[in-house]
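Participant: The structure under discussion is supplied below as structure tokens; questions concerning it will follow.
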Amino acid sequence: MKYIKSFIEKNNENLKLFLRINSTIFSIITVIYLLLLIINQFWNKIFQEYLNINAIFVLLLISGALFVLTTFKEKES
Amino acid sequence: MIYKSNSKIKKILEKIKFFILKNKLEIFLFFFFLLIFVIYSWDTITDSQCPFHFDSHETWIFSKNLIQNKSLIYSDPLSKLFEHKIFYHFGGYISNNKLYTIRTYGIILLTSVGLLLGYKVPFYLISLLGTIGVIFYYLFTKNIFNKKIALISTIFFSLSYPMINWSNQLINNVPAFSLFITGLYFVSNILTNKNNRLSNYILSAVFFSLTIWMRYEYLIFILFLIPWIYKTRKSIKLSYFIISILVFIFLLTPMFLLNYYLHKSPFTFGYIMKDIEIPKKLPNKTVRNELLNKMVNTFLWIYNRFLSKLIRLDFITLINNLKYYLYDIFPGLIIFSILGYLAIFKEKEKNKLNFAIFSLISSIFWIFKLIPRGLLKPEDIKIDGPIPRYFLLIYCTVTLISVFFIFYLSKKFEKIKTIHYLIITLLITITILNTFSLLTGSGGTISAHNLKKQAHKINLYIKDFPDNSIIVGDRRFFLHGITERKTLDLSKIEIMEKNENCIVATNYIKTIINLNYPVYIIEKNYLNLTNYIQENEKNLVIKKIISEDYFEIYKIFYREK
């Protein structure tokens, strides 16, 4: 725990930047993901052959979880 | 005079305008719920309604029997004459040549009341209960969250495939869900400290007990409310709470009495009697008393069915199967519901947190209980199968939590409001497209609608046949939609060899004709019985009397000598 705390303190600025980038990425991926889902309704072959929509789902889940958990911390501070 | 009347009209118009502007939301909701009722009763409105589903046919037969014979036990005197149970082709279990229902008493009573008022009324009652459920879902979500979240989640949930499909069928899942959500609304009034009157306690008890009359498993969900009640115990008046429990037990007592009357044990339902495997396992020496034996069997059955198989760690199978029953029905919403739960647990706001805990416990339990244990493939999925209708409670919480998260996002992205509106627009588009593709897909509502329309047409034809006529057919083709005359199911003749099967079927038909019953055969049936009789039975005459695109009806009688 000590090492983690000291790591966070040392890289505070970098982490803040990372979280800000993450929130931007999250909003962009959300819109892209929803757009892809609409395309999927009309033309689902594209996802079977060229693109795995589940990968975007997982990516969105991770960045979303990070976004939700960290925005609260910011509010606290 | 003209001037005066003009000013009067102006005043009235202004008043109407003021009223509309003041009650915009209420007026929108009124028309929305009206639209929902029309969608939920679409099959009935378009004259395409009949108890086509296997379960609904059983409900129909027992309800009719309740009106005609004042009994919950169905008995057909002709059944004794034949080796195979050709007249007991709907659900239920047979004991001493009598048929006992495995459907809940609630749906049978509801259908009976409806049937007393008219042929279509039971179907309208289901649709009406579905609409009432949606209204109380809105009110409940408004209590826990706010108006905006309530409105959007109600639109998502009410227009989802499972609600539209199962509100158009004579099945107890939608009524049970609606009664439960109504009870939940009255409970939320108490638990959120909005209204702590005795009426709320009594109404919640009444609706919860009615829910159990409809579907027994909802008792588990009522028990899952205990953590919520415990956490908000300070807002509960103990005397009122005790009164509500007494009302709850009192309203359930007739159900136990009916169980005792039918199955000789208060806790044994028809469904348990059908699963006779567990009682057989119990050693008779240990428990000699029949009543006690049955009660122990019931609890063993509940343990085996709900608890022993609950723990499983094969998460790959679980997630794979959940994809078909959760993600494919609400493709855009699932991700937001997961994040929504995270947000609620982080924010720790009292009412939302309590609701989230309740919904999470209920959902996890129900998912672990119901999702099939084998790895499903796309070709195994029957979207019109049982799971989507059992999952209504899960679907409603998923939509609610995900809509909450969308509004949560809008708070976080206050500077870029367009993203919020864009996400909502995209989600609505996806939901509409997805619902539409599910409704029109194979096994969806539209194909069921067309089949029911055909069965309804057959019913109109056979209404003109003599009252004691018997319709011979196959339950896989239309037979379950026939309600106007007695039916004989050929698929109940469990002989594999087709020719031998035809011989038995023909002998049965001859016996029935000898008893002076007019007999009609409905094609298609898997035996192709009409051809067999024409080729092999010279004593019998087969005459085609009705011919349509999807079916033909033949009259069969002895050749005059």
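We label chains A, B, ... in the order they appear in the structure tokens, count residues from 1 in each chain, and number ligands from 1 in the order shown.
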Taking only C-alpha atoms into account, which residues of chain A are within 10 Å of chain B, as number ranges by chain?

Facilitator: A: 23-24, 27-28, 30-42, 57-58, 60-62, 64-73

Participant: Find the spatial neighbours of B:Ile482, counting only C-alpha atoms, within a cut-off of 12 Å - ignore same-chain residues fewer than 4 positions away - and output them as a ChimeraX atom specification.

Facilitator: /B:49-54,56-58,60-61,90,451-463,470-475,477-478,486-489,522

Participant: Kindly export the residues of the current selection with N, CA and C atoms, as a short mmCIF file (atom, residue, chain, number, x, y, z; two decimals), in the first residue's frame.

Facilitator:
```
data_model
loop_
_atom_site.label_atom_id
_atom_site.label_comp_id
_atom_site.auth_asym_id
_atom_site.auth_seq_id
_atom_site.Cartn_x
_atom_site.Cartn_y
_atom_site.Cartn_z
N GLN B 49 -56.76 -13.34 -31.74
CA GLN B 49 -56.41 -13.82 -30.41
C GLN B 49 -57.03 -15.18 -30.11
N CYS B 50 -56.24 -16.06 -29.54
CA CYS B 50 -56.72 -17.34 -29.02
C CYS B 50 -55.64 -17.89 -28.10
N PRO B 51 -55.99 -18.80 -27.21
CA PRO B 51 -54.95 -19.35 -26.31
C PRO B 51 -54.08 -20.35 -27.06
N PHE B 52 -53.21 -19.86 -27.88
CA PHE B 52 -52.41 -20.70 -28.76
C PHE B 52 -51.24 -21.36 -28.04
N HIS B 53 -50.68 -20.64 -27.09
CA HIS B 53 -49.53 -21.14 -26.34
C HIS B 53 -49.97 -22.34 -25.48
N PHE B 54 -49.05 -23.28 -25.31
CA PHE B 54 -49.32 -24.50 -24.54
C PHE B 54 -49.87 -24.16 -23.15
N SER B 56 -51.13 -21.28 -22.07
CA SER B 56 -52.38 -20.49 -22.08
C SER B 56 -53.57 -21.39 -22.40
N HIS B 57 -53.34 -22.44 -23.19
CA HIS B 57 -54.43 -23.36 -23.51
C HIS B 57 -54.89 -24.10 -22.25
N GLU B 58 -53.91 -24.49 -21.44
CA GLU B 58 -54.26 -25.16 -20.18
C GLU B 58 -55.06 -24.21 -19.29
N TRP B 60 -56.90 -21.77 -20.20
CA TRP B 60 -58.22 -21.59 -20.83
C TRP B 60 -59.16 -22.75 -20.48
N ILE B 61 -58.64 -23.98 -20.63
CA ILE B 61 -59.45 -25.18 -20.37
C ILE B 61 -59.91 -25.22 -18.92
N PHE B 90 -53.30 -30.94 -23.00
CA PHE B 90 -52.71 -29.71 -22.50
C PHE B 90 -51.96 -30.04 -21.22
N LEU B 451 -50.05 -16.98 -36.76
CA LEU B 451 -50.54 -18.32 -36.39
C LEU B 451 -51.85 -18.22 -35.61
N LYS B 452 -51.88 -17.25 -34.70
CA LYS B 452 -53.10 -17.08 -33.89
C LYS B 452 -54.27 -16.65 -34.76
N LYS B 453 -53.98 -15.87 -35.79
CA LYS B 453 -55.03 -15.42 -36.70
C LYS B 453 -55.65 -16.62 -37.41
N GLN B 454 -54.78 -17.57 -37.81
CA GLN B 454 -55.27 -18.79 -38.46
C GLN B 454 -56.15 -19.60 -37.51
N ALA B 455 -55.63 -19.74 -36.27
CA ALA B 455 -56.39 -20.53 -35.28
C ALA B 455 -57.73 -19.86 -34.98
N HIS B 456 -57.72 -18.53 -34.96
CA HIS B 456 -58.95 -17.79 -34.72
C HIS B 456 -59.97 -18.06 -35.85
N LYS B 457 -59.43 -18.15 -37.06
CA LYS B 457 -60.26 -18.42 -38.23
C LYS B 457 -60.90 -19.82 -38.10
N ILE B 458 -60.09 -20.79 -37.67
CA ILE B 458 -60.61 -22.16 -37.47
C ILE B 458 -61.74 -22.14 -36.45
N ASN B 459 -61.52 -21.38 -35.37
CA ASN B 459 -62.55 -21.28 -34.32
C ASN B 459 -63.86 -20.75 -34.88
N LEU B 460 -63.75 -19.77 -35.78
CA LEU B 460 -64.97 -19.19 -36.37
C LEU B 460 -65.70 -20.23 -37.22
N TYR B 461 -64.93 -21.07 -37.94
CA TYR B 461 -65.54 -22.12 -38.76
C TYR B 461 -66.23 -23.17 -37.91
N ILE B 462 -65.50 -23.66 -36.89
CA ILE B 462 -66.04 -24.80 -36.14
C ILE B 462 -67.16 -24.42 -35.16
N LYS B 463 -67.36 -23.12 -35.01
CA LYS B 463 -68.48 -22.66 -34.18
C LYS B 463 -69.81 -23.18 -34.74
N ILE B 470 -66.17 -33.47 -32.20
CA ILE B 470 -64.80 -33.63 -31.72
C ILE B 470 -63.84 -33.34 -32.88
N ILE B 471 -62.87 -32.47 -32.63
CA ILE B 471 -61.90 -32.10 -33.67
C ILE B 471 -60.63 -32.91 -33.45
N VAL B 472 -60.27 -33.71 -34.45
CA VAL B 472 -59.06 -34.53 -34.37
C VAL B 472 -57.93 -33.77 -35.05
N GLY B 473 -56.80 -33.67 -34.38
CA GLY B 473 -55.68 -32.93 -34.97
C GLY B 473 -54.39 -33.17 -34.21
N ASP B 474 -53.49 -32.27 -34.39
CA ASP B 474 -52.17 -32.41 -33.79
C ASP B 474 -51.85 -31.11 -33.07
N ARG B 475 -51.41 -31.24 -31.82
CA ARG B 475 -51.20 -30.00 -31.05
C ARG B 475 -50.09 -29.14 -31.63
N PHE B 477 -49.92 -28.39 -34.68
CA PHE B 477 -50.52 -27.60 -35.76
C PHE B 477 -51.92 -27.16 -35.35
N PHE B 478 -52.04 -25.99 -34.85
CA PHE B 478 -53.31 -25.30 -34.57
C PHE B 478 -54.15 -25.86 -33.42
N LYS B 486 -64.47 -29.67 -28.45
CA LYS B 486 -63.53 -30.61 -27.82
C LYS B 486 -62.51 -31.09 -28.83
N THR B 487 -61.26 -31.25 -28.39
CA THR B 487 -60.20 -31.63 -29.32
C THR B 487 -59.54 -32.95 -28.92
N LEU B 488 -59.09 -33.67 -29.92
CA LEU B 488 -58.39 -34.95 -29.71
C LEU B 488 -56.99 -34.82 -30.32
N ASP B 489 -55.97 -35.06 -29.51
CA ASP B 489 -54.60 -34.84 -29.97
C ASP B 489 -53.95 -36.15 -30.42
N ILE B 522 -58.60 -32.19 -38.68
CA ILE B 522 -57.96 -30.99 -39.19
C ILE B 522 -56.56 -31.34 -39.69
#
```

Participant: Any idea what the distance is between atom CA of B:Trp301 and atom CA of B:Trp213?

Facilitator: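 Taking atom CA of B:Trp301 and atom CA of B:Trp213, their separation equals 19.2 Å.
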
Participant: Find, counting only C-alpha atoms, the residue in B:Lys498, B:Lys323, B:Lys142, B:Lys544 that gets nearest to A:Asn54.

Facilitator: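 Of B:Lys498, B:Lys323, B:Lys142, B:Lys544, the one nearest A:Asn54, counting only C-alpha atoms, is B:Lys323.
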
Participant: Near B:His263, counting only C-alpha atoms, which residues have an atom at most 9 Å away, once you skip same-chain residues fewer than 6 positions from it, shown as a list in words?

Facilitator: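 My reading of the contact set: Phe269, Gly270, Met273 and Lys294 of chain B.
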
Participant: Could you give me the residues within stretch 211-354 of chain B that DSSP places in helix (DSSP H, G or I), as a PyMOL selection string?

Facilitator: chain B and resi 211-214+218-223+226-231+233-235+238-263+270-274+277-281+290-307+315-327+333-347+350-354

Participant: Take the residues that were just selected and, keeping C-alpha atoms, output them as a compact mmCIF listing (two decimals), in the first residue's frame.

Facilitator:
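And here's again.txt as it stands now:
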```
# COMPACT_ATOMS: atom_id res chain seq x y z
CA THR B 211 -48.60 -11.47 -7.14
CA ILE B 212 -48.08 -14.79 -5.40
CA TRP B 213 -51.51 -15.94 -6.54
CA MET B 214 -50.24 -15.30 -10.08
CA TYR B 218 -42.31 -13.81 -6.54
CA LEU B 219 -42.32 -14.73 -2.84
CA ILE B 220 -38.53 -14.93 -3.14
CA PHE B 221 -38.36 -11.38 -4.51
CA ILE B 222 -40.60 -10.16 -1.69
CA LEU B 223 -38.17 -11.79 0.76
CA ILE B 226 -35.87 -7.61 3.80
CA PRO B 227 -32.42 -5.87 3.59
CA TRP B 228 -34.12 -2.71 2.30
CA ILE B 229 -36.78 -2.86 5.03
CA TYR B 230 -34.09 -3.49 7.67
CA LYS B 231 -31.96 -0.54 6.50
CA ARG B 233 -36.58 0.31 9.68
CA LYS B 234 -36.80 3.72 11.40
CA SER B 235 -39.31 4.93 8.82
CA LEU B 238 -44.31 -1.47 13.57
CA SER B 239 -48.06 -1.74 14.22
CA TYR B 240 -48.86 -1.01 10.55
CA PHE B 241 -46.17 -3.43 9.45
CA ILE B 242 -47.66 -6.23 11.55
CA ILE B 243 -51.14 -5.45 10.17
CA SER B 244 -49.78 -5.66 6.61
CA ILE B 245 -48.14 -9.04 7.31
CA LEU B 246 -51.44 -10.33 8.73
CA VAL B 247 -53.30 -9.08 5.64
CA PHE B 248 -50.67 -10.74 3.45
CA ILE B 249 -51.03 -14.10 5.21
CA PHE B 250 -54.84 -13.81 5.32
CA LEU B 251 -55.02 -13.26 1.55
CA LEU B 252 -52.75 -16.23 0.90
CA THR B 253 -54.76 -18.60 3.12
CA PRO B 254 -57.36 -19.53 0.43
CA MET B 255 -54.47 -20.66 -1.77
CA PHE B 256 -53.25 -23.07 0.90
CA LEU B 257 -56.83 -24.31 1.44
CA LEU B 258 -57.16 -24.94 -2.29
CA ASN B 259 -53.85 -26.84 -2.21
CA TYR B 260 -55.13 -28.94 0.65
CA TYR B 261 -58.41 -29.61 -1.15
CA LEU B 262 -56.69 -30.63 -4.40
CA HIS B 263 -53.39 -32.17 -3.32
CA GLY B 270 -49.85 -28.74 -8.97
CA TYR B 271 -46.41 -28.00 -10.38
CA ILE B 272 -44.74 -29.90 -7.54
CA MET B 273 -47.13 -32.84 -7.96
CA LYS B 274 -46.07 -33.08 -11.59
CA GLU B 277 -39.19 -37.65 -8.97
CA ILE B 278 -38.28 -36.06 -5.66
CA PRO B 279 -41.08 -37.60 -3.61
CA LYS B 280 -40.01 -41.02 -4.85
CA LYS B 281 -36.54 -40.50 -3.42
CA GLU B 290 -49.20 -38.62 4.23
CA LEU B 291 -49.74 -34.92 4.91
CA LEU B 292 -46.36 -34.54 6.58
CA ASN B 293 -44.77 -36.61 3.83
CA LYS B 294 -46.14 -34.27 1.17
CA MET B 295 -45.03 -31.17 3.07
CA VAL B 296 -41.50 -32.52 3.46
CA ASN B 297 -41.49 -33.41 -0.23
CA THR B 298 -42.51 -29.87 -1.11
CA PHE B 299 -39.65 -28.33 0.84
CA LEU B 300 -37.23 -30.86 -0.66
CA TRP B 301 -38.53 -29.91 -4.10
CA ILE B 302 -38.01 -26.20 -3.37
CA TYR B 303 -34.49 -26.93 -2.11
CA ASN B 304 -33.65 -29.04 -5.18
CA ARG B 305 -35.15 -26.57 -7.61
CA PHE B 306 -34.00 -23.26 -6.18
CA LEU B 307 -31.03 -23.76 -3.90
CA PHE B 315 -18.80 -18.08 -15.72
CA ILE B 316 -17.89 -18.49 -19.39
CA THR B 317 -21.12 -20.42 -20.00
CA LEU B 318 -23.05 -17.93 -17.90
CA ILE B 319 -21.76 -14.86 -19.76
CA ASN B 320 -22.16 -16.56 -23.14
CA ASN B 321 -25.79 -17.43 -22.36
CA LEU B 322 -26.52 -14.06 -20.80
CA LYS B 323 -25.47 -12.45 -24.07
CA TYR B 324 -28.52 -13.96 -25.77
CA TYR B 325 -31.08 -13.17 -23.09
CA LEU B 326 -29.83 -9.80 -21.83
CA TYR B 327 -27.43 -8.16 -24.27
CA LEU B 333 -28.32 -0.52 -22.35
CA ILE B 334 -26.37 -3.33 -20.68
CA ILE B 335 -23.06 -1.48 -20.57
CA PHE B 336 -24.75 1.54 -18.96
CA SER B 337 -26.48 -0.60 -16.36
CA ILE B 338 -23.16 -2.10 -15.21
CA LEU B 339 -21.64 1.37 -14.94
CA GLY B 340 -24.87 2.63 -13.35
CA TYR B 341 -24.56 0.12 -10.51
CA LEU B 342 -20.95 1.25 -10.00
CA ALA B 343 -22.06 4.89 -9.88
CA ILE B 344 -24.83 4.15 -7.36
CA PHE B 345 -22.51 2.20 -5.09
CA LYS B 346 -20.00 5.05 -5.25
CA GLU B 347 -22.52 7.83 -4.62
CA LYS B 350 -29.82 6.09 0.47
CA ASN B 351 -32.86 5.25 -1.68
CA LYS B 352 -30.94 4.49 -4.84
CA LEU B 353 -28.45 2.35 -2.96
CA ASN B 354 -31.18 0.33 -1.25
```
